[in-house]
$ cat my_file_39.csv   # CSV, C-alpha atoms
chain,number,residue,atom,x,y,z
Y,1,MET,CA,108.0,88.7,164.6
Y,2,PRO,CA,105.5,85.9,165.3
Y,3,GLU,CA,105.8,84.3,168.7
Y,4,PRO,CA,106.7,80.6,168.7
Y,5,LEU,CA,103.9,78.3,169.8
Y,6,ILE,CA,103.8,75.3,172.2
Y,7,SER,CA,100.9,72.8,172.2
Y,8,PRO,CA,98.7,72.4,175.3
Y,9,ALA,CA,99.9,68.9,175.8
Y,10,GLU,CA,103.6,69.9,175.8
Y,11,LYS,CA,102.8,72.8,178.2
Y,12,SER,CA,100.9,70.5,180.6
Y,13,TYR,CA,103.8,68.0,180.5
Y,14,ILE,CA,106.4,70.6,181.3
Y,15,GLU,CA,104.3,72.2,184.1
Y,16,GLN,CA,103.7,68.8,185.7
Y,17,GLY,CA,107.4,68.0,185.6
Y,18,VAL,CA,108.2,71.4,187.2
Y,19,GLU,CA,105.6,70.7,189.9
Y,20,ASP,CA,107.2,67.3,190.6
Y,21,ASP,CA,110.7,68.8,190.6
Y,22,CYS,CA,111.7,66.6,187.7
Y,23,ARG,CA,112.0,68.5,184.4
Y,24,ALA,CA,111.8,67.0,181.0
Y,25,ASP,CA,115.6,66.7,180.7
Y,26,GLY,CA,115.9,65.1,184.2
Y,27,ARG,CA,117.0,68.2,186.1
Y,28,ALA,CA,115.6,69.6,189.3
Y,29,ARG,CA,114.1,73.1,189.4
Y,30,PHE,CA,117.3,74.8,190.6
Y,31,GLU,CA,119.8,72.8,188.6
Y,32,TYR,CA,121.9,74.3,185.8
Y,33,ARG,CA,122.5,72.6,182.5
Y,34,HIS,CA,126.1,71.6,181.7
Y,35,ILE,CA,128.4,74.7,181.6
Y,36,VAL,CA,131.5,74.8,179.5
Y,37,LEU,CA,133.7,77.9,179.6
Y,38,GLU,CA,137.0,79.0,177.9
Y,39,SER,CA,138.7,82.4,177.8
Y,40,GLY,CA,141.4,84.0,175.7
Y,41,LEU,CA,140.2,82.7,172.4
Y,42,LEU,CA,140.5,85.8,170.1
Y,43,SER,CA,144.1,86.9,169.5
Y,44,GLN,CA,143.1,90.3,168.2
Y,45,ALA,CA,140.9,91.2,171.1
Y,46,SER,CA,141.8,92.7,174.4
Y,47,GLY,CA,139.9,89.9,176.1
Y,48,SER,CA,137.5,87.2,175.0
Y,49,ALA,CA,135.5,84.2,176.3
Y,50,ARG,CA,133.1,81.6,175.0
Y,51,CYS,CA,130.4,79.8,177.1
Y,52,ARG,CA,128.0,77.0,176.3
Y,53,LEU,CA,125.1,76.6,178.7
Y,54,GLY,CA,123.3,73.5,177.6
Y,55,ASP,CA,122.9,74.2,173.9
Y,56,SER,CA,123.0,78.0,174.3
Y,57,ASP,CA,126.3,79.2,172.8
Y,58,VAL,CA,127.8,82.7,173.3
Y,59,LEU,CA,131.1,84.3,172.2
Y,60,VAL,CA,132.2,87.7,173.7
Y,61,GLY,CA,135.0,89.8,172.5
Y,62,VAL,CA,136.3,92.9,174.3
Y,63,LYS,CA,138.3,95.8,172.7
Y,64,VAL,CA,139.8,98.7,174.6
Y,65,GLU,CA,140.3,102.1,172.9
Y,66,ILE,CA,141.1,105.6,173.9
Y,67,GLY,CA,138.3,108.1,173.7
Y,68,GLU,CA,136.7,111.2,175.3
Y,69,VAL,CA,135.2,110.9,178.8
Y,70,ASP,CA,131.5,111.2,179.4
Y,71,PRO,CA,130.9,114.8,180.5
Y,72,THR,CA,128.5,113.5,183.2
Y,73,ARG,CA,131.3,111.2,184.5
Y,74,PRO,CA,134.5,113.2,184.0
Y,75,ASN,CA,136.7,110.9,186.1
Y,76,GLN,CA,135.6,107.6,184.8
Y,77,GLY,CA,136.1,105.3,181.8
Y,78,ARG,CA,133.2,104.0,179.7
Y,79,LEU,CA,131.7,100.7,178.7
Y,80,VAL,CA,129.8,100.2,175.4
Y,81,CYS,CA,127.8,97.0,175.1
Y,82,ASN,CA,126.4,95.4,172.0
Y,83,VAL,CA,124.6,92.0,171.6
Y,84,GLU,CA,123.9,90.4,168.3
Y,85,CYS,CA,122.0,87.2,167.7
Y,86,SER,CA,123.2,85.2,164.7
Y,87,PRO,CA,120.5,84.5,162.2
Y,88,SER,CA,121.5,80.9,162.3
Y,89,ALA,CA,121.0,80.7,166.1
Y,90,SER,CA,117.2,80.4,165.7
Y,91,GLN,CA,114.5,80.6,163.1
Y,92,GLN,CA,113.1,83.6,164.9
Y,93,PHE,CA,116.3,85.6,164.2
Y,94,GLU,CA,116.1,85.4,160.4
Y,95,GLY,CA,115.9,88.7,158.6
Y,96,ARG,CA,115.1,91.5,161.0
Y,97,GLY,CA,113.6,89.1,163.5
Y,98,ALA,CA,116.4,89.5,166.0
Y,99,ASP,CA,116.3,93.3,166.2
Y,100,GLU,CA,114.0,93.5,169.2
Y,101,ILE,CA,115.8,90.8,171.3
Y,102,ASN,CA,119.2,92.3,170.3
Y,103,ASN,CA,118.1,95.7,171.7
Y,104,THR,CA,116.6,94.1,174.8
Y,105,LEU,CA,119.7,92.0,175.6
Y,106,THR,CA,122.1,95.0,174.9
Y,107,LEU,CA,120.2,97.2,177.3
Y,108,ALA,CA,120.2,94.5,180.0
Y,109,LEU,CA,123.9,93.8,179.6
Y,110,ASP,CA,124.7,97.5,179.8
Y,111,ARG,CA,122.7,97.8,183.1
Y,112,VAL,CA,124.5,94.9,184.6
Y,113,PHE,CA,128.1,96.1,183.9
Y,114,SER,CA,127.9,99.9,183.4
Y,115,GLY,CA,126.2,100.9,186.6
Y,116,PRO,CA,127.8,101.7,190.0
Y,117,GLN,CA,126.5,98.4,191.3
Y,118,SER,CA,128.6,96.4,188.9
Y,119,GLY,CA,131.7,96.7,191.1
Y,120,LEU,CA,134.0,97.5,188.2
Y,121,ASP,CA,136.5,100.3,189.0
Y,122,LEU,CA,135.6,102.7,186.2
Y,123,GLU,CA,137.8,105.5,187.7
Y,124,SER,CA,140.9,103.4,187.1
Y,125,LEU,CA,140.1,103.7,183.4
Y,126,CYS,CA,140.3,107.4,183.3
Y,127,ILE,CA,143.6,108.6,181.8
Y,128,ILE,CA,143.3,112.4,182.1
Y,129,PRO,CA,140.2,113.7,184.0
Y,130,ASN,CA,137.7,115.7,181.9
Y,131,GLN,CA,139.7,114.7,178.7
Y,132,GLN,CA,140.7,111.1,177.9
Y,133,CYS,CA,139.8,107.7,179.1
Y,134,TRP,CA,139.7,104.0,178.1
Y,135,ILE,CA,136.5,102.9,176.5
Y,136,ILE,CA,135.7,99.2,176.8
Y,137,TYR,CA,133.7,97.8,173.9
Y,138,ILE,CA,131.9,94.6,174.7
Y,139,ASP,CA,130.5,92.7,171.7
Y,140,ALA,CA,128.5,89.5,172.4
Y,141,MET,CA,127.5,87.1,169.7
Y,142,VAL,CA,124.8,84.6,170.3
Y,143,MET,CA,125.6,81.6,168.1
Y,144,ASP,CA,123.0,79.2,169.4
Y,145,ALA,CA,119.8,80.2,171.3
Y,146,ALA,CA,118.5,77.3,173.5
Y,147,GLY,CA,117.1,79.2,176.5
Y,148,ASN,CA,118.4,81.5,179.3
Y,149,LEU,CA,120.3,83.8,176.9
Y,150,LEU,CA,120.8,86.7,179.3
Y,151,ASP,CA,122.4,84.6,182.1
Y,152,CYS,CA,124.7,82.9,179.6
Y,153,ILE,CA,125.7,86.3,178.1
Y,154,VAL,CA,126.5,87.8,181.5
Y,155,MET,CA,128.6,84.7,182.5
Y,156,THR,CA,130.5,84.9,179.2
Y,157,THR,CA,131.0,88.7,179.5
Y,158,ARG,CA,132.3,88.4,183.0
Y,159,ALA,CA,134.9,85.8,181.9
Y,160,ALA,CA,135.9,88.1,179.0
Y,161,LEU,CA,136.4,91.1,181.3
Y,162,HIS,CA,138.5,88.9,183.6
Y,163,ASN,CA,140.6,88.1,180.5
Y,164,THR,CA,140.9,91.7,179.4
Y,165,ARG,CA,144.1,93.6,179.7
Y,166,ILE,CA,144.5,97.4,179.7
Y,167,PRO,CA,147.7,98.9,178.2
Y,168,LYS,CA,149.7,100.9,180.8
Y,169,THR,CA,149.9,104.7,180.3
Y,170,GLN,CA,152.4,107.2,181.6
Y,171,LEU,CA,151.5,110.9,182.2
Y,172,ILE,CA,153.8,113.6,181.0
Y,173,ASP,CA,153.7,117.1,182.5
Y,174,LEU,CA,154.3,119.8,179.9
Y,175,GLU,CA,155.9,123.2,180.6
Y,176,ASP,CA,152.7,125.1,179.9
Y,177,GLY,CA,150.9,123.1,182.6
Y,178,ASP,CA,149.1,120.8,180.3
Y,179,VAL,CA,149.3,117.0,180.6
Y,180,GLU,CA,149.9,114.4,177.9
Y,181,PHE,CA,150.2,110.7,178.1
Y,182,GLU,CA,151.9,107.9,176.2
Y,183,ILE,CA,151.1,104.2,176.0
Y,184,VAL,CA,153.6,101.6,177.1
Y,185,ASP,CA,154.1,99.3,174.2
Y,186,ASP,CA,155.2,96.3,176.2
Y,187,VAL,CA,152.2,93.9,176.4
Y,188,GLU,CA,153.6,92.3,179.5
Y,189,GLU,CA,153.0,95.7,181.3
Y,190,ALA,CA,149.3,95.6,180.5
Y,191,GLU,CA,147.1,95.3,183.5
Y,192,PRO,CA,143.8,93.5,184.3
Y,193,LEU,CA,140.6,95.4,185.0
Y,194,LYS,CA,140.3,96.5,188.6
Y,195,GLY,CA,137.3,95.2,190.4
Y,196,TRP,CA,136.5,92.3,188.0
Y,197,GLN,CA,136.1,90.0,191.1
Y,198,ASN,CA,133.1,92.1,192.2
Y,199,LEU,CA,131.2,91.7,188.8
Y,200,PRO,CA,127.8,90.1,189.4
Y,201,VAL,CA,126.2,87.2,187.7
Y,202,THR,CA,122.5,87.2,186.9
Y,203,ILE,CA,120.1,84.5,188.0
Y,204,THR,CA,116.9,84.6,186.0
Y,205,LEU,CA,114.0,82.7,187.5
Y,206,TYR,CA,111.0,81.6,185.4
Y,207,LYS,CA,107.6,81.0,186.9
Y,208,ILE,CA,106.0,78.0,185.4
Y,209,GLY,CA,102.6,77.0,186.8
Y,210,GLN,CA,102.8,77.5,190.6
Y,211,ARG,CA,106.6,76.9,190.7
Y,212,TYR,CA,109.7,78.6,189.3
Y,213,VAL,CA,112.9,77.3,187.7
Y,214,ILE,CA,116.3,78.5,186.7
Y,215,ASP,CA,118.2,78.0,183.4
Y,216,PRO,CA,115.1,77.0,181.3
Y,217,THR,CA,115.2,75.4,177.9
Y,218,SER,CA,113.5,77.1,175.0
Y,219,LEU,CA,110.3,75.1,175.5
Y,220,GLU,CA,110.3,75.8,179.2
Y,221,GLU,CA,110.6,79.5,178.4
Y,222,LEU,CA,107.4,79.3,176.3
Y,223,CYS,CA,105.5,78.0,179.4
Y,224,SER,CA,106.5,81.0,181.6
Y,225,GLN,CA,104.4,84.1,181.9
Y,226,VAL,CA,106.7,86.0,184.2
Y,227,THR,CA,110.4,86.2,184.9
Y,228,LEU,CA,112.6,87.7,187.6
Y,229,THR,CA,116.2,88.5,186.9
Y,230,VAL,CA,118.4,89.2,190.0
Y,231,GLY,CA,122.0,90.4,189.8
Y,232,VAL,CA,124.1,89.1,192.6
Y,233,ASN,CA,127.8,89.6,193.4
Y,234,ARG,CA,130.3,87.3,195.1
Y,235,LEU,CA,129.4,88.7,198.5
Y,236,GLY,CA,125.8,87.8,198.1
Y,237,GLN,CA,124.7,91.4,197.6
Y,238,VAL,CA,121.7,92.0,195.3
Y,239,CYS,CA,122.9,94.5,192.6
Y,240,GLY,CA,119.7,94.8,190.7
Y,241,ILE,CA,116.3,93.3,190.1
Y,242,LYS,CA,114.2,93.3,186.9
Y,243,LYS,CA,110.8,91.7,186.3
Y,244,GLY,CA,109.8,90.5,182.8
Y,245,GLY,CA,106.8,89.0,181.1
Y,246,ARG,CA,103.2,89.8,181.3
Y,247,GLY,CA,102.4,87.9,184.5
Y,248,SER,CA,102.4,89.1,188.2
Y,249,LEU,CA,104.2,88.0,191.3
Y,250,GLU,CA,102.9,88.0,194.9
Y,251,PRO,CA,105.2,89.9,197.4
Y,252,SER,CA,105.9,86.7,199.3
Y,253,LEU,CA,106.8,84.8,196.2
Y,254,LEU,CA,109.0,87.8,195.0
Y,255,ASN,CA,110.9,87.7,198.3
Y,256,GLU,CA,111.3,83.9,198.0
Y,257,MET,CA,112.6,84.2,194.5
Y,258,VAL,CA,115.2,86.8,195.4
Y,259,GLY,CA,116.4,84.7,198.3
Y,260,THR,CA,116.7,81.7,196.0
Y,261,ALA,CA,118.7,83.7,193.5
Y,262,THR,CA,121.1,85.0,196.2
Y,263,THR,CA,121.6,81.4,197.5
Y,264,LEU,CA,122.3,80.0,194.0
Y,265,ALA,CA,124.7,82.9,192.9
Y,266,LYS,CA,127.5,82.3,195.4
Y,267,PRO,CA,128.4,78.7,194.4
Y,268,LEU,CA,128.0,79.6,190.8
Y,269,ILE,CA,130.5,82.6,191.0
Y,270,GLU,CA,133.0,80.4,193.0
Y,271,GLN,CA,132.8,77.8,190.3
Y,272,LEU,CA,133.3,80.3,187.5
Y,273,ASP,CA,136.1,82.2,189.3
Y,274,THR,CA,138.0,79.0,190.2
Y,275,LYS,CA,137.9,77.9,186.5
Y,276,LEU,CA,139.2,81.3,185.3
Y,277,ILE,CA,141.9,81.6,187.9
Y,278,GLU,CA,143.2,78.1,187.2
Y,279,GLU,CA,143.3,78.8,183.5
Y,280,GLU,CA,145.2,82.1,184.0
Y,281,THR,CA,147.7,80.4,186.4
Y,282,LYS,CA,148.5,77.7,183.8
Y,283,VAL,CA,149.2,80.4,181.2
Y,284,GLN,CA,151.5,82.3,183.5
Y,285,GLU,CA,153.4,79.1,184.4
Y,286,LYS,CA,154.0,78.3,180.8
Y,287,LYS,CA,155.3,81.9,180.1
Y,288,LYS,CA,157.8,81.6,183.0
Y,289,VAL,CA,159.4,78.4,181.6
Y,290,GLY,CA,159.2,79.7,178.0
Y,291,GLN,CA,156.6,77.2,176.8
Y,292,PRO,CA,154.3,78.3,174.0
Y,293,VAL,CA,150.8,79.4,175.2
Y,294,GLU,CA,148.2,77.8,173.0
Y,295,THR,CA,144.5,77.8,173.3
Y,296,LEU,CA,143.0,74.3,173.9
Y,297,GLY,CA,140.2,75.0,171.4
Y,298,PHE,CA,136.5,75.7,171.9
Y,299,PHE,CA,135.1,74.0,174.9
Y,300,ALA,CA,138.2,72.0,175.8
Y,301,ALA,CA,138.0,73.3,179.4
Y,302,VAL,CA,134.9,71.9,181.1
Y,303,ILE,CA,133.5,73.1,184.4
$ encode --input "my_file_39.csv" --output "structure tokens"
Amino acid sequence: MPEPLISPAEKSYIEQGVEDDCRADGRARFEYRHIVLESGLLSQASGSARCRLGDSDVLVGVKVEIGEVDPTRPNQGRLVCNVECSPSASQQFEGRGADEINNTLTLALDRVFSGPQSGLDLESLCIIPNQQCWIIYIDAMVMDAAGNLLDCIVMTTRAALHNTRIPKTQLIDLEDGDVEFEIVDDVEEAEPLKGWQNLPVTITLYKIGQRYVIDPTSLEELCSQVTLTVGVNRLGQVCGIKKGGRGSLEPSLLNEMVGTATTLAKPLIEQLDTKLIEEETKVQEKKKVGQPVETLGFFAAVI
């Protein structure tokens, strides 16, 4: 896939704006584009969410199914991640052009949410140790690519996992000592994922010239030779760090970028969680009084 190009004049203009802390769209270096988030959109999914970060647009659906446990983790459930970039999201994704970025984003999403640092209680997803567990399938669709895709996908996935409900199961002891289980059909008995509050967000910092920015546009990404993605949870703890690009980072700058990501993550998580909890509270209040619960439509709920 040929790499997109940017003219020297455009690159110089963007670099000068970053240096002066006034980017081409008027934002400061550490300012996000407009975030719009809504959850509970897909009626056939166990959980779902859609997020628009600037012009980047991501939809995530979650399905839970029963399967066999991973032999290396006999007491835990499993997560299976998949990211697909729609061919209409960018000219680069036409044909097989999206294969590489799909694989890269899928692996990154899996690292964020499947590892022990994710904070998700995978042991609560185990039904019968060494036998059966709940498998959480996370499918992310990138519908519009306009920069900072990974951070947008992680934000959307976090919201979809908050919206996910796991059917309740009851264990049955058999006379021969074996154990079986049955699924409670009542959807009202379904339970939220344990530990979703501890799920991290990712803050990806892009070095442009001698400075660095967050939430870049597509053109700003073309000006960056090195990136640093930092996973941070609501407690401000760093859950993972990954460097990208072909450039290098001095140790002092690396420490500064990690500190910046940690500082920016806490208010972002509070903003996202407040929105999700408010939305869930409204749904529960409508159910109590017998009012129909309807989705407001894509992007009706604005942060």
$ atom_distance --input "my_file_39.csv" --atom1 "atom CA of His162 of chain Y" --atom2 "atom CA of Ala261 of chain Y"
22.7 Å
$ closest_residue --input "my_file_39.csv" --among "Y:Leu171, Y:Val232, Y:Leu107, Y:Met141" --to "Pro87 of chain Y" --atoms "only C-alpha atoms"
Y:Met141
$ atom_distance --input "my_file_39.csv" --atom1 "atom CA of Thr202 of chain Y" --atom2 "atom CA of Ala24 of chain Y"
23.6 Å
$ residues_around --input "my_file_39.csv" --residues "segment 109-124 of chain Y" --least-positions-apart "4" --cutoff "6 Å" --atoms "all atoms listed in the file" --output "list in words"
Asn75, Gln76, Gly77, Cys81, Lys194, Gly195, Trp196, Asn198, Leu199 and Cys239 of chain Y
$ closest_residue --input "my_file_39.csv" --among "Y:Val201, Y:Leu193, Y:Ile214, Y:Ile135" --to "Gly147 of chain Y" --atoms "all atoms listed in the file"
Y:Ile214
$ closest_residue --input "my_file_39.csv" --among "Y:Ser46, Y:Gln237, Y:Thr262, Y:Gln210" --to "Gly17 of chain Y" --atoms "all atoms listed in the file"
Y:Gln210
$ closest_residue --input "my_file_39.csv" --among "Y:Leu276, Y:Ala89, Y:Val69, Y:Leu228" --to "Gln131 of chain Y" --atoms "all atoms listed in the file"
Y:Val69
$ residues_near_point --input "my_file_39.csv" --point "(134.0, 86.6, 180.6)" --cutoff "8 Å" --atoms "all atoms listed in the file" --output "PyMOL selection string"
chain Y and resi 39+48-50+60+154-163
$ atom_distance --input "my_file_39.csv" --atom1 "atom CA of Ile127 of chain Y" --atom2 "atom CA of Val80 of chain Y"
17.4 Å
$ residues_around --input "my_file_39.csv" --residues "Trp134 of chain Y" --least-positions-apart "4" --cutoff "6 Å" --atoms "all atoms listed in the file" --output "PyMOL selection string"
chain Y and resi 65-66+77+125
$ closest_residue --input "my_file_39.csv" --among "Y:Ala140, Y:Asn130, Y:Leu53, Y:Val187" --to "Gly67 of chain Y" --atoms "all atoms listed in the file"
Y:Asn130
$ closest_residue --input "my_file_39.csv" --among "Y:Ile166, Y:Leu5, Y:Val226, Y:Val213" --to "Pro192 of chain Y" --atoms "all atoms listed in the file"
Y:Ile166
$ residues_near_point --input "my_file_39.csv" --point "(124.1, 81.9, 179.3)" --cutoff "9 Å" --atoms "only C-alpha atoms" --output "list in words"
Ile35, Cys51, Arg52, Leu53, Gly54, Ser56, Asp57, Val58, Gly147, Asn148, Leu149, Leu150, Asp151, Cys152, Ile153, Val154, Met155, Thr156 and Asp215 of chain Y
